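Asks: Structure below; questions to follow.
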Amino acid sequence: MSKLIRHPKDFWSGVMFVVLGLAFVWFARDYPMGTSTRMGPAYFPTILGYLLAAIGFIVLIRGLSTQGEGFGGFGWKGFFLIPGAIVIFGLLLRPAGLVIALPVLILVGARASHKFSWRASILLAVGLTIFSYFVFIRGLGLPIPVLRGIGG
Amino acid sequence: MELVEHIGIGLTSALTFQNLLYCFIGVVLGTMVGILPGLGPVATIAMLLPATFALPPVAALIMLAGIYYGAQYGGSTTAILINLPGESSSVVTALDGYQMARQGRAGVALATSAIGSFFAGTVATFLIMLFAPPLAELALKFGPAEYFSLMVLGLIASVVLAHGSLLKAIGIIILGLLIGLIGTDVTSGQQRFTFGVPELSDGLGFVTVAMGMFGIGEILANIEHEQTRTAVVAKITKLMPSKEDWKRIIGPILRGTTFGSILGILPGGGSLLSSFASYAIEKKISKNSSEFGKGAIEGVAAPESANNAGAQTSFIPMLTLGIPSNPVMALMVGAMIIQGIQPGPQVMSEQPALFWGIVVSMWIGNLFLLVLNLPLIGMWVRMLTVPYHLLFPAVLVFCGIGVFSLNNSEFDIYGMALFGIIGYVFTKLECEPAPMMLGFILGQMMEEYLRRAMTLSRGDPMVFLTRPISAGMLIVAAIAILAVALPALRKTREVAFQE
């Protein structure tokens, strides 16, 4: 980390607040502001957005002036694999069905763990898919496509 | 007497077969997630919310409540047996509980914890019955200004009592309020921050956000520090405390129940703060204070009573005012809204069977837990060693199917993944995700009350200070912020949380 940013967690939290606060203010410009008696749709978000940005600015400054520990690594593997597995699940669910999408979700997601093993994960995928089929589709009757061409 | 009548209504509602069953399922699930590593009550309740849509409101809420207080019991089991608190509210229990287990007194520690929790749960349930009606009656007189100030107070108090940076927590709340505004503005019909995405016109799904932040976000944070539990669980032989033990635990249980009940009502207080505070107090006043940390039975009895009492009384603001005091209560409010019940003081008078049924079911749930935890402890112990790399894919499955079934839409699946990432980034930045949920659920309500208050006062913001109840609440909120901001007090607060 650079020497200027002495408390990276505070600094970047501050940056996040400032950016998001101002973003809400910016997008709220398109909506009518109204008056304090009859508040328009922009009124409340604009106040909150400025407030958030102000708080973010103080936190940001604090990140420059106080000492704090770094992030201690970032779990990139999980960061990509878990949300990635969920997105693939979403993409597969309708065209392929639960019986395909669920094992893919489990096998891709489980790889995020450094204790991943094919054997245990495949067993888990088979077990959970059978369980889900009976509980969610047969039991609760959720209208989820089971396999392409069959069901919902 | 009115109280008897209320208990009667509650009993008739809670004792139906269906409600008993869901109460039982709730506490079993709660105990389970309390014991399982890396899975908390918030994530579990979020995961199960879609499954409760099909249930009648009473059964759904009874089950969700059961998960919350059931997790308090389960969390203490792991704290005592393997020195790993399942829930943050059991952290202090581990100090003396684990030492007791090492001395071969695991059974007594578990029994003390269960008995203390049961006693505290029973007292807290009666406190809810006593205090909820007058509070709701008072709240019915609230105008929009009072409601707005109450929400400000609730949100401020929830971060003052939480740990971590106050300023960041307030930022997170405001962010939550803003995210809660996404969707169609109730008053003007204007689409806000939707960017033409039709799925966003109803706002972000509450369940989607909660599952993402707490379910998926927690997985991301957990797999980073994944470790195997090498649990060498001591054989549990003797369960019942001896006569000597009983003498030592009565005082701590009574005091723990009292502090827990009071702290639980405060927004953000709940079970965590209660257990810490009561442990510190017992350590100060006990004549066996030298034994604390080395297996003092008082050190188990007091925090365990306190956290359960706190968990129960934290329902009071949610049930009477419709204001959630912690993320679990925010989920309960969300569940009520989805069930078509507008949370607030009118719930008690309009839906007495629902209200009193939930309250009475809590006592029944505590009774179930006592039975589940004492004789059946051996069964739960086996769950202690479920490895996380086999558990989290199952969580993914439940979240994935659950979130899709909300609207049968892939949009919610992607939304959940996105909020999972946000939740993980928050953890990395040491921004607690919990206050965001409170803001998220209150966003639109707060805006509406602000609008109405300002319209009634013809645009004069002084209305919040000229109305006495509203002014009082804002003053308390201001004092709370000042108290934490002052360095001297900040130090003691940090010490209290480190202990």
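Quick note on naming: the chains in the structure tokens go A, B, ... in the order shown, residues restart at 1 in each chain, and ligands are numbered from 1 in order of appearance.
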Give me, as number ranges by chain, all polymer residues having an atom no more than 10 Å from Gln18 (chain B), counting only C-alpha atoms and skipping those fewer than 3 positions away in the same chain.
Replies: B: 13-15, 21-24, 55-56, 58-59
Asks: Just N, CA and C atoms for this one: save the residues we selected as a CSV table (one decimal), in the first residue's frame.
Replies:
```csv
chain,number,residue,atom,x,y,z
B,13,SER,N,-54.1,-20.1,19.7
B,13,SER,CA,-53.4,-19.9,18.4
B,13,SER,C,-52.1,-20.7,18.3
B,14,ALA,N,-51.4,-20.7,19.3
B,14,ALA,CA,-50.1,-21.4,19.3
B,14,ALA,C,-50.2,-22.9,19.4
B,15,LEU,N,-51.3,-23.4,20.0
B,15,LEU,CA,-51.4,-24.8,20.3
B,15,LEU,C,-52.1,-25.6,19.2
B,21,LEU,N,-46.2,-27.6,15.1
B,21,LEU,CA,-45.2,-28.2,14.2
B,21,LEU,C,-44.2,-27.2,13.7
B,22,TYR,N,-44.7,-26.0,13.3
B,22,TYR,CA,-43.7,-25.1,12.7
B,22,TYR,C,-42.8,-24.5,13.8
B,23,CYS,N,-43.4,-24.4,15.0
B,23,CYS,CA,-42.5,-23.9,16.1
B,23,CYS,C,-41.4,-24.9,16.3
B,24,PHE,N,-41.8,-26.2,16.3
B,24,PHE,CA,-40.8,-27.2,16.5
B,24,PHE,C,-39.7,-27.2,15.4
B,55,LEU,N,-47.1,-20.6,3.7
B,55,LEU,CA,-47.7,-20.8,5.0
B,55,LEU,C,-48.6,-19.7,5.4
B,56,PRO,N,-49.5,-20.0,6.3
B,56,PRO,CA,-50.3,-18.8,6.9
B,56,PRO,C,-49.3,-18.0,7.7
B,58,VAL,N,-49.2,-16.7,10.7
B,58,VAL,CA,-48.8,-17.1,12.1
B,58,VAL,C,-47.7,-18.2,12.1
B,59,ALA,N,-48.0,-19.2,11.3
B,59,ALA,CA,-47.0,-20.3,11.2
B,59,ALA,C,-45.7,-19.9,10.7
```
Asks: With only C-alpha atoms considered, list every residue of chain B at most 6 Å from chain A, as a ChimeraX atom specification.
Replies: /B:171,220,223-224,393,410,413-414,417,429,454-455,458-459
Asks: With a distance cut-off of 7 Å and only C-alpha atoms, select the neighbouring residues of region 133-148 of chain B, excluding the residue or stretch itself and same-chain residues fewer than 4 positions from it, and output the selection as a list of chain:residue names.
Replies: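 That gives B:Val152, B:Thr320, B:Leu321, B:Pro345, B:Met446, B:Tyr449, B:Leu450, B:Arg452, B:Ala453, B:Phe464, B:Ile469, B:Ser470.
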Asks: May I have the selected residues written with N, CA and C atoms, as a PDB file, in the first residue's frame?
Replies:
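Ended up saving to selection07.pdb:
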```pdb
ATOM      1  N   VAL B 152     -35.254   7.428  13.282  1.00  0.00           N
ATOM      2  CA  VAL B 152     -33.905   7.980  13.416  1.00  0.00           C
ATOM      3  C   VAL B 152     -33.255   7.416  14.671  1.00  0.00           C
ATOM      4  N   THR B 320     -44.382  -4.173  18.514  1.00  0.00           N
ATOM      5  CA  THR B 320     -45.273  -3.089  18.920  1.00  0.00           C
ATOM      6  C   THR B 320     -45.150  -1.874  18.027  1.00  0.00           C
ATOM      7  N   LEU B 321     -43.933  -1.560  17.552  1.00  0.00           N
ATOM      8  CA  LEU B 321     -43.749  -0.335  16.771  1.00  0.00           C
ATOM      9  C   LEU B 321     -43.520  -0.617  15.294  1.00  0.00           C
ATOM     10  N   PRO B 345     -48.057  -0.717  15.459  1.00  0.00           N
ATOM     11  CA  PRO B 345     -48.815  -0.912  16.700  1.00  0.00           C
ATOM     12  C   PRO B 345     -50.207  -1.510  16.487  1.00  0.00           C
ATOM     13  N   MET B 446     -39.499   5.713   5.978  1.00  0.00           N
ATOM     14  CA  MET B 446     -38.965   6.951   6.541  1.00  0.00           C
ATOM     15  C   MET B 446     -39.293   8.132   5.642  1.00  0.00           C
ATOM     16  N   TYR B 449     -42.967   9.109   6.084  1.00  0.00           N
ATOM     17  CA  TYR B 449     -43.253   9.830   7.330  1.00  0.00           C
ATOM     18  C   TYR B 449     -42.677  11.232   7.295  1.00  0.00           C
ATOM     19  N   LEU B 450     -41.500  11.368   6.688  1.00  0.00           N
ATOM     20  CA  LEU B 450     -40.903  12.699   6.567  1.00  0.00           C
ATOM     21  C   LEU B 450     -41.815  13.597   5.732  1.00  0.00           C
ATOM     22  N   ARG B 452     -45.061  13.311   5.132  1.00  0.00           N
ATOM     23  CA  ARG B 452     -46.324  13.635   5.793  1.00  0.00           C
ATOM     24  C   ARG B 452     -46.106  14.653   6.898  1.00  0.00           C
ATOM     25  N   ALA B 453     -45.034  14.465   7.686  1.00  0.00           N
ATOM     26  CA  ALA B 453     -44.768  15.395   8.777  1.00  0.00           C
ATOM     27  C   ALA B 453     -44.547  16.797   8.238  1.00  0.00           C
ATOM     28  N   PHE B 464     -40.241  18.591  14.198  1.00  0.00           N
ATOM     29  CA  PHE B 464     -39.613  17.448  14.867  1.00  0.00           C
ATOM     30  C   PHE B 464     -39.121  17.805  16.265  1.00  0.00           C
ATOM     31  N   ILE B 469     -42.626  14.311  22.186  1.00  0.00           N
ATOM     32  CA  ILE B 469     -42.137  12.927  22.087  1.00  0.00           C
ATOM     33  C   ILE B 469     -41.073  12.826  20.995  1.00  0.00           C
ATOM     34  N   SER B 470     -41.367  13.475  19.873  1.00  0.00           N
ATOM     35  CA  SER B 470     -40.418  13.471  18.768  1.00  0.00           C
ATOM     36  C   SER B 470     -39.102  14.116  19.190  1.00  0.00           C
TER      37      SER B 470
END
```
Asks: Between CA of Leu370 (chain B) and CA of Lys294 (chain B), what is the spacing in Å?
Replies: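 Result for CA of Lys294 (chain B) versus CA of Leu370 (chain B): 26.0 Å, one decimal.
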Asks: To one decimal place in Å, what is the distance between CA of Ser90 (chain B) and CA of Gly66 (chain B)?
Replies: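 CA of Gly66 (chain B) lies at a distance of 17.4 Å from CA of Ser90 (chain B).
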Asks: How many Å separate CA of Ser149 (chain B) from CA of Tyr50 (chain A)?
Replies: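 Between CA of Ser149 (chain B) and CA of Tyr50 (chain A) the gap is 19.9 Å.
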Asks: From the options A:Leu60, A:Ala101, A:Val126, A:Leu22, which residue's atoms come nearest to Ile47 (chain A), counting only C-alpha atoms?
Replies: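 Distance minimum relative to Ile47 (chain A) lands on A:Leu22.
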Asks: Determine the nearest neighbour of Lys238 (chain B) from the options B:Gly293, B:Gly183, B:Gly104, B:Pro303, counting only C-alpha atoms.
Replies: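 The shortest atom-to-atom distance to Lys238 (chain B) comes from B:Gly104.
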Asks: Please list as a list in words every residue within 8 Å of His7 (chain A), counting only C-alpha atoms and excluding residues in the same chain fewer than 3 positions away.
Replies: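 Non-adjacent residues within range: Asp10, Phe11, Arg62, Gly63, Leu64, Ser65, Thr66, Gln67, Gly68, Glu69 and Gly70 of chain A.
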Asks: Closest to Phe57 (chain A) among A:Phe131, A:Val19, A:Ile5, A:Arg119, using only C-alpha atoms?
Replies: A:Val19
Asks: I want to know what sits within 10 Å of region 201-208 of chain B, based on only C-alpha atoms, with residues of the same chain fewer than 3 positions away left out; could you give that as a PyMOL selection string?
Replies: chain B and resi 45-50+179-185+189-198+211-213+215+330-331+334-335+338+399+402-404+406-407+411-420+437+440-441
Asks: Store the residues of this selection in a file with C-alpha atoms, as a short mmCIF file (atom, residue, chain, number, x, y, z; two decimals), in the first residue's frame.
Replies:
```cif
data_model
loop_
_atom_site.label_atom_id
_atom_site.label_comp_id
_atom_site.auth_asym_id
_atom_site.auth_seq_id
_atom_site.Cartn_x
_atom_site.Cartn_y
_atom_site.Cartn_z
CA ILE B 45 -34.00 -16.99 7.84
CA ALA B 46 -33.27 -15.25 4.54
CA MET B 47 -32.89 -18.64 2.87
CA LEU B 48 -36.14 -19.96 4.28
CA LEU B 49 -38.24 -16.86 3.67
CA PRO B 50 -39.44 -17.99 0.23
CA ILE B 179 -30.96 1.43 -1.88
CA GLY B 180 -34.38 1.00 -0.26
CA LEU B 181 -35.65 3.92 -2.36
CA ILE B 182 -34.85 2.18 -5.65
CA GLY B 183 -38.08 1.45 -7.47
CA THR B 184 -41.36 3.31 -7.86
CA ASP B 185 -41.89 6.30 -5.59
CA GLY B 189 -45.33 7.14 -9.10
CA GLN B 190 -41.95 8.24 -10.40
CA GLN B 191 -39.49 5.45 -11.25
CA ARG B 192 -36.32 6.11 -9.31
CA PHE B 193 -32.84 4.69 -10.01
CA THR B 194 -34.32 1.88 -12.09
CA PHE B 195 -32.51 2.75 -15.34
CA GLY B 196 -35.40 1.38 -17.32
CA VAL B 197 -35.02 -2.13 -15.91
CA PRO B 198 -38.59 -3.37 -15.54
CA MET B 211 -29.64 -13.75 0.84
CA GLY B 212 -26.89 -12.11 -1.15
CA MET B 213 -25.40 -10.08 1.69
CA GLY B 215 -25.91 -16.02 2.62
CA ALA B 330 -35.58 -6.62 9.85
CA LEU B 331 -36.12 -9.99 8.18
CA GLY B 334 -39.89 -8.20 5.73
CA ALA B 335 -41.67 -11.51 6.24
CA ILE B 338 -44.64 -10.17 2.27
CA CYS B 399 -30.16 -19.81 -1.90
CA GLY B 402 -35.04 -20.04 -3.00
CA VAL B 403 -34.26 -16.79 -4.74
CA PHE B 404 -35.48 -18.08 -8.11
CA LEU B 406 -39.55 -15.70 -5.40
CA ASN B 407 -40.69 -14.46 -8.80
CA PHE B 411 -33.07 -11.53 -12.44
CA ASP B 412 -33.22 -12.30 -8.72
CA ILE B 413 -30.48 -14.93 -9.09
CA TYR B 414 -28.12 -12.39 -10.62
CA GLY B 415 -29.13 -9.79 -8.05
CA MET B 416 -28.27 -12.20 -5.27
CA ALA B 417 -24.83 -12.85 -6.79
CA LEU B 418 -24.23 -9.10 -7.02
CA PHE B 419 -25.20 -8.51 -3.40
CA GLY B 420 -22.98 -11.42 -2.40
CA MET B 437 -30.61 -4.19 6.05
CA PHE B 440 -33.04 -0.88 3.41
CA ILE B 441 -36.27 -1.93 5.07
#
```
Asks: When DSSP works through the backbone of this structure, what residues of region 15-105 of chain A end up as helix (DSSP H, G or I), shown as a PyMOL selection string?
Replies: chain A and resi 15-28+43-65+76-96+98-105
Asks: As a VMD selection string, please: the residues near Thr257 (chain B) (cut-off 8 Å, only C-alpha atoms, same-chain neighbours under 5 positions excluded).
Replies: chain B and resid 119 to 120 123 to 124 302 305 to 306 309
